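J.: Just one file: coords04.cif, with mmCIF, C-alpha atoms.
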```cif
data_entry
loop_
_atom_site.label_atom_id
_atom_site.label_comp_id
_atom_site.auth_asym_id
_atom_site.auth_seq_id
_atom_site.Cartn_x
_atom_site.Cartn_y
_atom_site.Cartn_z
CA MET H 4 -40.91 63.04 29.09
CA GLY H 5 -39.29 65.80 27.09
CA TRP H 6 -37.02 67.10 29.84
CA GLN H 7 -35.23 70.38 29.32
CA TYR H 8 -31.41 70.38 29.20
CA GLY H 9 -31.41 66.82 27.91
CA VAL H 10 -32.82 65.36 31.09
CA ALA H 11 -33.59 61.66 31.16
CA ARG H 12 -36.04 59.96 28.88
CA ASP H 13 -38.25 57.06 29.89
CA GLN H 14 -36.57 53.69 29.52
CA THR H 15 -38.13 51.09 27.24
CA ASP H 16 -38.58 47.46 28.22
CA ARG H 17 -38.48 44.45 25.88
CA THR H 18 -42.15 44.80 25.06
CA GLY H 19 -41.63 48.37 23.87
CA ALA H 20 -43.43 49.89 26.85
CA GLN H 21 -41.85 52.90 28.52
CA VAL H 22 -40.90 52.47 32.15
CA ARG H 23 -39.44 54.80 34.79
CA GLU H 24 -37.33 54.02 37.84
CA ILE H 25 -38.88 56.21 40.52
CA VAL H 26 -36.94 56.76 43.75
CA TYR H 27 -39.33 59.19 45.47
CA LEU H 28 -42.92 60.20 44.80
CA SER H 29 -44.92 62.61 46.93
CA GLU H 30 -48.49 61.37 46.89
CA SER H 31 -49.67 64.43 48.81
CA LYS H 32 -48.26 66.74 46.11
CA LEU H 33 -49.94 64.65 43.43
CA ARG H 34 -53.27 65.12 45.18
CA GLN H 35 -52.88 68.89 44.91
CA PHE H 36 -53.38 68.59 41.14
CA VAL H 37 -57.06 68.03 40.44
CA PRO H 38 -58.26 67.51 36.85
CA GLU H 39 -61.06 69.70 35.58
CA PRO H 40 -64.44 67.95 35.79
CA ARG H 41 -65.77 66.54 32.56
CA ARG H 42 -69.45 66.85 31.70
CA VAL H 43 -69.71 63.42 30.12
CA PRO H 44 -71.34 60.17 31.24
CA ARG H 45 -69.15 58.10 33.50
CA ALA H 46 -67.26 55.53 31.48
CA GLY H 47 -67.52 52.02 32.84
CA ALA H 48 -70.66 52.61 34.85
CA LEU H 49 -72.93 49.58 35.14
CA ARG H 50 -76.70 49.74 34.87
CA VAL H 51 -78.39 47.43 37.35
CA THR H 52 -82.14 46.89 36.90
CA THR H 53 -84.23 46.29 40.00
CA PRO H 54 -87.98 46.06 40.57
CA LEU H 55 -87.80 49.69 41.71
CA GLY H 56 -86.02 50.91 38.61
CA GLY H 57 -82.47 51.32 37.34
CA ILE H 58 -79.51 52.14 39.61
CA ASP H 59 -76.13 53.30 38.34
CA MET H 60 -73.18 51.59 40.01
CA ASP H 61 -69.48 52.29 39.46
CA ALA H 62 -67.46 49.51 37.89
CA PRO H 63 -64.58 48.13 39.96
CA THR H 64 -61.80 50.69 40.12
CA ALA H 65 -58.71 50.11 38.04
CA ASN H 66 -55.41 49.21 39.61
CA ALA H 67 -54.57 52.02 42.04
CA GLU H 68 -50.87 51.96 41.22
CA GLN H 69 -51.47 52.31 37.48
CA GLY H 70 -53.95 55.08 38.11
CA GLN H 71 -51.44 56.94 40.22
CA LEU H 72 -48.76 56.63 37.53
CA ARG H 73 -51.18 57.88 34.87
CA HIS H 74 -51.94 60.85 37.09
CA LEU H 75 -48.19 61.41 37.53
CA ARG H 76 -47.73 61.49 33.75
CA ASP H 77 -50.47 64.09 33.42
CA VAL H 78 -49.06 66.17 36.27
CA SER H 79 -45.53 65.91 34.85
CA LYS H 80 -46.73 67.23 31.49
CA HIS H 81 -48.35 70.18 33.26
CA VAL H 82 -45.40 70.96 35.52
CA GLU H 83 -42.98 70.67 32.60
CA LEU H 84 -44.67 73.64 30.99
CA ILE H 85 -44.24 75.91 34.01
CA ALA H 86 -41.06 74.65 35.67
CA ASP H 87 -37.71 76.46 35.41
CA TRP H 88 -34.26 74.91 35.55
CA TYR H 89 -33.21 74.74 39.20
CA ALA H 90 -29.99 76.72 38.66
CA LYS H 91 -31.76 79.60 36.93
CA PRO H 92 -31.14 82.93 38.68
CA ASP H 93 -33.99 84.87 40.28
CA LEU H 94 -36.09 81.91 41.33
CA ARG H 95 -38.68 82.45 44.04
CA PRO H 96 -40.07 80.20 46.77
CA GLY H 97 -43.10 78.31 45.53
CA GLN H 98 -41.87 77.95 41.94
CA TRP H 99 -41.59 74.57 40.28
CA VAL H 100 -38.17 73.56 39.02
CA GLN H 101 -36.66 70.76 36.98
CA PHE H 102 -33.38 69.22 38.06
CA GLU H 103 -30.79 66.69 37.01
CA ALA H 104 -27.84 66.16 39.33
CA PRO H 105 -25.82 63.50 41.14
CA LEU H 106 -27.62 63.13 44.47
CA ARG H 107 -27.15 61.25 47.73
CA CYS H 108 -30.18 60.23 49.76
CA VAL H 109 -29.60 60.49 53.52
CA THR H 110 -31.52 60.55 56.78
CA LEU H 111 -30.68 61.97 60.20
CA GLY H 112 -31.09 60.13 63.47
CA GLY H 113 -33.19 60.90 66.50
CA ALA H 114 -36.40 62.88 66.32
CA HIS H 115 -35.83 63.76 62.66
CA GLN H 116 -35.44 60.24 61.30
CA ASP H 117 -38.57 60.65 59.17
CA LEU H 118 -36.87 63.51 57.29
CA VAL H 119 -35.11 62.46 54.09
CA LEU H 120 -32.60 64.70 52.34
CA PHE H 121 -31.32 64.62 48.78
CA VAL H 122 -28.03 66.50 48.42
CA ASP H 123 -25.52 66.84 45.62
CA PRO H 124 -21.82 66.38 46.35
CA ALA H 125 -19.69 69.46 46.92
CA GLY H 126 -17.28 70.64 44.27
CA ARG H 127 -18.70 68.42 41.61
CA GLY H 128 -17.08 68.90 38.25
CA ARG H 129 -17.95 65.57 36.74
CA ALA H 130 -18.31 65.18 33.01
CA ASP H 131 -21.71 63.51 33.43
CA SER H 132 -23.23 66.35 35.43
CA MET H 133 -25.29 69.05 33.82
CA PRO H 134 -24.23 72.71 33.76
CA ASP H 135 -25.42 74.24 37.02
CA ASP H 136 -23.68 77.62 37.22
CA GLY H 137 -22.20 76.66 40.59
CA CYS H 138 -25.64 76.13 42.14
CA ARG H 139 -26.21 73.33 44.63
CA LEU H 140 -29.42 71.45 45.33
CA LEU H 141 -30.76 70.35 48.72
CA MET H 142 -34.17 68.65 48.75
CA HIS H 143 -36.20 67.60 51.76
CA GLY H 144 -39.14 65.22 52.14
CA SER H 145 -40.51 62.25 54.06
CA VAL H 146 -39.04 58.74 54.07
CA ARG H 147 -42.61 57.49 53.59
CA HIS H 148 -42.46 58.73 50.00
CA LEU H 149 -39.39 56.64 49.12
CA ARG H 150 -40.08 53.76 46.76
CA GLY H 151 -37.71 50.82 47.22
CA TRP H 152 -34.79 53.02 48.23
CA ALA H 153 -32.84 52.67 51.47
CA PRO H 154 -31.35 56.05 52.45
CA MET H 155 -27.96 56.31 54.08
CA ALA H 156 -28.17 57.16 57.80
CA VAL H 157 -25.68 59.86 58.85
CA ASP H 158 -24.81 61.31 62.22
CA GLY H 159 -25.75 64.77 61.01
CA PRO H 160 -25.01 68.13 62.61
CA ALA H 161 -25.23 69.09 66.28
CA LEU H 162 -28.81 70.31 66.59
CA GLU H 163 -28.46 71.51 70.16
CA MET H 164 -25.68 72.95 72.31
CA GLU H 165 -25.30 73.68 75.98
CA ASP H 166 -24.22 77.04 77.33
CA SER H 167 -23.71 76.27 80.99
CA ALA H 168 -21.99 79.58 81.70
CA PHE H 169 -25.24 81.49 81.27
CA SER H 170 -28.02 78.92 81.44
CA LEU H 171 -26.96 76.27 83.94
CA GLY H 172 -26.71 73.63 81.24
CA THR H 173 -29.84 74.54 79.31
CA ALA H 174 -29.72 73.23 75.73
CA PHE H 175 -30.19 75.73 72.92
CA VAL H 176 -31.19 74.85 69.37
CA THR H 177 -28.36 75.66 66.99
CA ARG H 178 -28.88 77.51 63.73
CA VAL H 179 -28.57 74.30 61.77
CA GLY H 180 -30.94 72.71 64.30
CA GLN H 181 -33.50 75.41 63.51
CA VAL H 182 -33.15 74.62 59.81
CA VAL H 183 -33.62 70.87 60.36
CA GLU H 184 -36.67 71.55 62.54
CA ALA H 185 -38.18 73.81 59.88
CA LEU H 186 -37.63 71.23 57.13
CA THR H 187 -39.07 68.48 59.34
CA LYS H 188 -42.20 70.49 60.18
CA HIS H 189 -42.85 71.29 56.53
CA ARG H 190 -42.33 67.81 55.12
CA ASP H 191 -45.29 65.99 53.69
CA PRO H 192 -47.34 64.22 54.74
CA LEU H 193 -47.67 66.05 58.03
CA GLN H 194 -47.81 64.13 61.26
CA SER H 195 -51.30 63.56 62.64
CA GLU H 196 -50.87 66.15 65.41
CA GLN H 197 -49.69 68.84 63.02
CA THR H 198 -51.90 71.32 61.19
CA PRO H 199 -51.03 72.79 57.79
CA SER H 200 -49.17 76.09 58.00
CA ARG H 201 -49.65 78.87 55.52
CA GLU H 202 -46.42 80.52 56.64
CA ALA H 203 -43.34 80.25 54.47
CA VAL H 204 -40.54 78.03 55.70
CA ARG H 205 -38.12 80.21 57.66
CA LEU H 206 -34.57 79.11 56.92
CA HIS H 207 -31.41 80.60 58.38
CA GLY H 208 -28.81 81.01 55.65
CA GLN H 209 -25.87 80.11 57.85
CA GLY H 210 -27.78 77.12 59.19
CA VAL H 211 -28.38 75.82 55.64
CA GLN H 212 -24.69 76.23 54.87
CA GLU H 213 -23.71 74.43 58.07
CA LEU H 214 -26.05 71.58 57.19
CA LEU H 215 -24.42 71.29 53.75
CA ASP H 216 -20.95 71.39 55.31
CA VAL H 217 -21.78 68.56 57.71
CA LEU H 218 -23.36 66.43 54.98
CA ASP H 219 -20.29 67.04 52.80
CA ASP H 220 -18.00 65.95 55.65
CA GLU H 221 -20.04 62.75 56.00
CA ASP H 222 -19.33 61.98 52.34
CA ASP H 223 -15.74 60.83 52.88
CA SER H 224 -16.05 57.26 51.66
CA ILE H 225 -16.90 55.87 48.23
CA ASN H 226 -19.12 57.88 45.95
CA MET H 227 -22.75 57.04 46.79
CA SER H 228 -24.42 59.64 44.59
CA ALA H 229 -26.53 58.63 41.60
CA MET H 230 -27.70 60.76 38.70
CA MET H 231 -31.31 61.63 39.40
CA THR H 232 -33.87 63.87 37.80
CA GLY H 233 -37.34 65.15 38.56
CA TYR H 234 -39.45 68.11 39.63
CA ALA H 235 -39.51 70.00 42.92
CA ARG H 236 -41.11 73.07 44.47
CA VAL H 237 -38.69 75.71 45.74
CA THR H 238 -38.69 76.12 49.52
CA GLY H 239 -35.92 78.69 49.91
CA LEU H 240 -32.84 80.12 48.24
CA LEU H 241 -29.36 80.52 49.69
CA PRO H 242 -27.40 83.18 47.82
CA GLY H 243 -23.76 82.48 47.09
CA ALA H 244 -21.14 83.87 49.45
CA ARG H 245 -17.37 84.23 49.20
CA ALA H 246 -16.53 80.56 49.63
CA ALA H 247 -19.95 79.00 49.22
CA SER H 248 -22.11 78.23 46.22
CA ARG H 249 -25.69 79.23 45.72
CA CYS H 250 -28.12 76.60 46.96
CA VAL H 251 -31.73 75.87 46.07
CA VAL H 252 -33.69 74.24 48.89
CA ALA H 253 -36.72 72.44 47.51
CA SER H 254 -39.36 69.80 48.22
CA PRO H 255 -39.59 67.14 45.48
CA LEU H 256 -42.67 65.92 43.69
CA VAL H 257 -40.82 63.08 42.00
CA VAL H 258 -37.23 61.88 41.93
CA GLU H 259 -36.11 59.19 39.52
CA TYR H 260 -32.98 57.68 38.07
CA VAL H 261 -31.62 59.21 34.91
CA ALA H 262 -32.10 56.66 32.15
CA ALA H 263 -28.82 55.49 30.64
CA ASP H 264 -28.45 56.21 26.95
CA SER H 265 -28.84 53.21 24.73
CA PRO H 266 -25.63 52.07 23.00
#
```
Rewrite the structure from the file as structure tokens, please.
T.:
Amino acid sequence: MGWQYGVARDQTDRTGAQVREIVYLSESKLRQFVPEPRRVPRAGALRVTTPLGGIDMDAPTANAEQGQLRHLRDVSKHVELIADWYAKPDLRPGQWVQFEAPLRCVTLGGAHQDLVLFVDPAGRGRADSMPDDGCRLLMHGSVRHLRGWAPMAVDGPALEMEDSAFSLGTAFVTRVGQVVEALTKHRDPLQSEQTPSREAVRLHGQGVQELLDVLDDEDDSINMSAMMTGYARVTGLLPGARAASRCVVASPLVVEYVAADSP
């Protein structure tokens, strides 16, 4: 694929064909890329002669899965030309970025169980990780885009709190709850009752940091992160603070395993 920073190459099977282990693929993002129309006769069209004259009929469509992967290859080549490395300073929301990082795939319970999060472990200084200038990566999407991957369910942060002293027990959405709601509303595909929003995702910086802190606290067992690579569109940027790293919040187009180097 020609990834920047030495990012993974396609693996090769015994027949010599190149294969990729895809973890997540956003079909709705793929559909945003439309090839330019070609002014040529349709290949594969059949000519059926009837007493009333000739009628053009389309040949049976090719395998949908293979067609989707071919489209992904074309889109990847295009995005590769315009994408920046995710840790590059001065990124802006809406930009495409490339990434390679150890990532965990988790989901939250309750009303947000359709939201899937990819997050890198805190304080990573592993020899197999790429230089990231202290920048973290948090990606959000829909579990419906996962391909053969079972995310880890975590308790997650407290999304609501009660302030009975002033509100007689009324529940208020916490800052991290506002962030989770925003990421859930802007996942793709949208739920049937939702309409597309042209507004930018509004993220509270402290809420993003609290979400990262809770996800880091959940990661107290064996290491469940895997080296993954892909492309994503930037949703928001959390600048670094005194004790916190910068963080890029993004929505992935494709996430796949990093191919192991051949011996």
J.: Running the PyMOL selection byres ((chain H and resi 158) around 7) on this model by hand, what would come out? Give it as a PyMOL selection string.
T.: chain H and resi 111-112+156-157+159-160
J.: List the residues selected by the PyMOL selection byres ((chain H and resi 226-229) around 7) in the file shown, writing them as a PDB file with C-alpha atoms, in the coordinates of the input.
T.:
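Result saved to out_10.pdb:
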```pdb
ATOM      1  CA  PRO H 105     -25.820  63.500  41.140  1.00  0.00           C
ATOM      2  CA  LEU H 106     -27.620  63.130  44.470  1.00  0.00           C
ATOM      3  CA  ARG H 107     -27.150  61.250  47.730  1.00  0.00           C
ATOM      4  CA  SER H 224     -16.050  57.260  51.660  1.00  0.00           C
ATOM      5  CA  ILE H 225     -16.900  55.870  48.230  1.00  0.00           C
ATOM      6  CA  MET H 230     -27.700  60.760  38.700  1.00  0.00           C
ATOM      7  CA  MET H 231     -31.310  61.630  39.400  1.00  0.00           C
TER       8      MET H 231
END
```
J.: Choose the residue, out of H:Arg23, H:Val100, H:Trp152, H:Gly208, that has the smallest atom-to-atom separation from Gly243 (chain H); count only C-alpha atoms.
T.: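 Under the stated criterion, the closest residue is H:Gly208.
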J.: Could you check how far CA of Arg147 (chain H) sits from CA of Arg95 (chain H), in Å to one decimal?
T.: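 So the answer is 27.0 Å.
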J.: Identify which of the residues H:Ser254, H:Gln101, H:Ser29, H:Thr187 lies closest to Arg236 (chain H), counting only C-alpha atoms when measuring atom-to-atom distances.
T.: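 Nearest to Arg236 (chain H): H:Ser254.
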J.: Between CA of Ala90 (chain H) and CA of Arg249 (chain H), what is the distance, to one decimal in Å?
T.: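 One can read the CA of Ala90 (chain H) to CA of Arg249 (chain H) distance as 8.6 Å.
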J.: Step by step, work through what the PyMOL selection byres ((chain H and resi 177) around 6) selects in the shown file, and finish by giving those residues as a PyMOL selection string.
T.: chain H and resi 162-163+176+178-180
J.: Which distance in Å separates CA of Ser145 (chain H) and CA of Leu120 (chain H), to one decimal?
T.: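 If I compute the distance from CA of Ser145 (chain H) to CA of Leu120 (chain H), I get 8.5 Å.
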J.: Of the residues H:Tyr234, H:Tyr27, H:Leu240, H:Gly113, which is the one nearest to Pro154 (chain H), using all atoms listed in the file?
T.: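 The closest residue to Pro154 (chain H) is H:Tyr27.
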J.: Between H:His207, H:His115, H:Arg150, H:Arg76, which has the minimum distance to Gln181 (chain H) (counting all atoms listed in the file)?
T.: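 Ranking H:His207, H:His115, H:Arg150, H:Arg76 by distance to Gln181 (chain H), first place goes to H:His207.
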J.: From the set H:Ser79, H:Thr238, H:Leu33, H:Glu103, which residue has the shortest atom-to-atom contact distance to Ala262 (chain H), counting all atoms listed in the file?
T.: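 Checking each candidate against Ala262 (chain H), we get H:Glu103 as the closest.
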J.: Could you check the closest approach to Ser248 (chain H) for each of H:Glu221, H:Glu184, H:Glu83, H:Asp123 and tell me which residue wins, using only C-alpha atoms?
T.: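 Closest residue, counting only C-alpha atoms: H:Asp123.
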J.: Given the block above, output region 64-84 of chain H with N, CA and C atoms as a PDB file, in the first residue's frame.
T.:
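Output contents, as saved in part19.pdb:
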```pdb
ATOM      1  N   THR H  64     -23.795  -8.869 -11.955  1.00  0.00           N
ATOM      2  CA  THR H  64     -22.770  -8.100 -11.250  1.00  0.00           C
ATOM      3  C   THR H  64     -21.731  -9.031 -10.660  1.00  0.00           C
ATOM      4  N   ALA H  65     -20.519  -8.539 -10.569  1.00  0.00           N
ATOM      5  CA  ALA H  65     -19.434  -9.316  -9.973  1.00  0.00           C
ATOM      6  C   ALA H  65     -19.652  -9.445  -8.475  1.00  0.00           C
ATOM      7  N   ASN H  66     -18.870 -10.277  -7.875  1.00  0.00           N
ATOM      8  CA  ASN H  66     -18.989 -10.499  -6.436  1.00  0.00           C
ATOM      9  C   ASN H  66     -18.917  -9.173  -5.706  1.00  0.00           C
ATOM     10  N   ALA H  67     -19.925  -8.891  -4.871  1.00  0.00           N
ATOM     11  CA  ALA H  67     -20.009  -7.596  -4.191  1.00  0.00           C
ATOM     12  C   ALA H  67     -18.824  -7.361  -3.266  1.00  0.00           C
ATOM     13  N   GLU H  68     -18.395  -8.402  -2.593  1.00  0.00           N
ATOM     14  CA  GLU H  68     -17.274  -8.255  -1.662  1.00  0.00           C
ATOM     15  C   GLU H  68     -16.000  -7.867  -2.406  1.00  0.00           C
ATOM     16  N   GLN H  69     -15.713  -8.538  -3.523  1.00  0.00           N
ATOM     17  CA  GLN H  69     -14.525  -8.220  -4.297  1.00  0.00           C
ATOM     18  C   GLN H  69     -14.607  -6.818  -4.877  1.00  0.00           C
ATOM     19  N   GLY H  70     -15.813  -6.432  -5.295  1.00  0.00           N
ATOM     20  CA  GLY H  70     -15.978  -5.082  -5.807  1.00  0.00           C
ATOM     21  C   GLY H  70     -15.725  -4.039  -4.739  1.00  0.00           C
ATOM     22  N   GLN H  71     -16.178  -4.310  -3.538  1.00  0.00           N
ATOM     23  CA  GLN H  71     -15.951  -3.378  -2.438  1.00  0.00           C
ATOM     24  C   GLN H  71     -14.466  -3.256  -2.123  1.00  0.00           C
ATOM     25  N   LEU H  72     -13.750  -4.369  -2.124  1.00  0.00           N
ATOM     26  CA  LEU H  72     -12.317  -4.334  -1.832  1.00  0.00           C
ATOM     27  C   LEU H  72     -11.541  -3.628  -2.940  1.00  0.00           C
ATOM     28  N   ARG H  73     -11.978  -3.802  -4.191  1.00  0.00           N
ATOM     29  CA  ARG H  73     -11.331  -3.052  -5.276  1.00  0.00           C
ATOM     30  C   ARG H  73     -11.552  -1.561  -5.092  1.00  0.00           C
ATOM     31  N   HIS H  74     -12.767  -1.200  -4.699  1.00  0.00           N
ATOM     32  CA  HIS H  74     -13.060   0.213  -4.449  1.00  0.00           C
ATOM     33  C   HIS H  74     -12.216   0.720  -3.291  1.00  0.00           C
ATOM     34  N   LEU H  75     -12.034  -0.101  -2.254  1.00  0.00           N
ATOM     35  CA  LEU H  75     -11.205   0.290  -1.122  1.00  0.00           C
ATOM     36  C   LEU H  75      -9.769   0.541  -1.550  1.00  0.00           C
ATOM     37  N   ARG H  76      -9.243  -0.312  -2.438  1.00  0.00           N
ATOM     38  CA  ARG H  76      -7.878  -0.093  -2.928  1.00  0.00           C
ATOM     39  C   ARG H  76      -7.765   1.235  -3.660  1.00  0.00           C
ATOM     40  N   ASP H  77      -8.754   1.544  -4.485  1.00  0.00           N
ATOM     41  CA  ASP H  77      -8.726   2.813  -5.216  1.00  0.00           C
ATOM     42  C   ASP H  77      -8.819   3.993  -4.256  1.00  0.00           C
ATOM     43  N   VAL H  78      -9.720   3.886  -3.275  1.00  0.00           N
ATOM     44  CA  VAL H  78      -9.887   4.972  -2.306  1.00  0.00           C
ATOM     45  C   VAL H  78      -8.621   5.130  -1.469  1.00  0.00           C
ATOM     46  N   SER H  79      -8.007   4.008  -1.074  1.00  0.00           N
ATOM     47  CA  SER H  79      -6.786   4.072  -0.273  1.00  0.00           C
ATOM     48  C   SER H  79      -5.673   4.792  -1.030  1.00  0.00           C
ATOM     49  N   LYS H  80      -5.550   4.514  -2.325  1.00  0.00           N
ATOM     50  CA  LYS H  80      -4.532   5.187  -3.122  1.00  0.00           C
ATOM     51  C   LYS H  80      -4.776   6.693  -3.160  1.00  0.00           C
ATOM     52  N   HIS H  81      -6.057   7.078  -3.240  1.00  0.00           N
ATOM     53  CA  HIS H  81      -6.386   8.506  -3.263  1.00  0.00           C
ATOM     54  C   HIS H  81      -6.110   9.158  -1.910  1.00  0.00           C
ATOM     55  N   VAL H  82      -6.585   8.511  -0.832  1.00  0.00           N
ATOM     56  CA  VAL H  82      -6.416   9.097   0.496  1.00  0.00           C
ATOM     57  C   VAL H  82      -4.945   9.158   0.885  1.00  0.00           C
ATOM     58  N   GLU H  83      -4.165   8.176   0.443  1.00  0.00           N
ATOM     59  CA  GLU H  83      -2.737   8.163   0.754  1.00  0.00           C
ATOM     60  C   GLU H  83      -2.043   9.426   0.263  1.00  0.00           C
ATOM     61  N   LEU H  84      -2.521   9.973  -0.826  1.00  0.00           N
ATOM     62  CA  LEU H  84      -1.894  11.162  -1.400  1.00  0.00           C
ATOM     63  C   LEU H  84      -2.211  12.422  -0.610  1.00  0.00           C
TER      64      LEU H  84
END
```
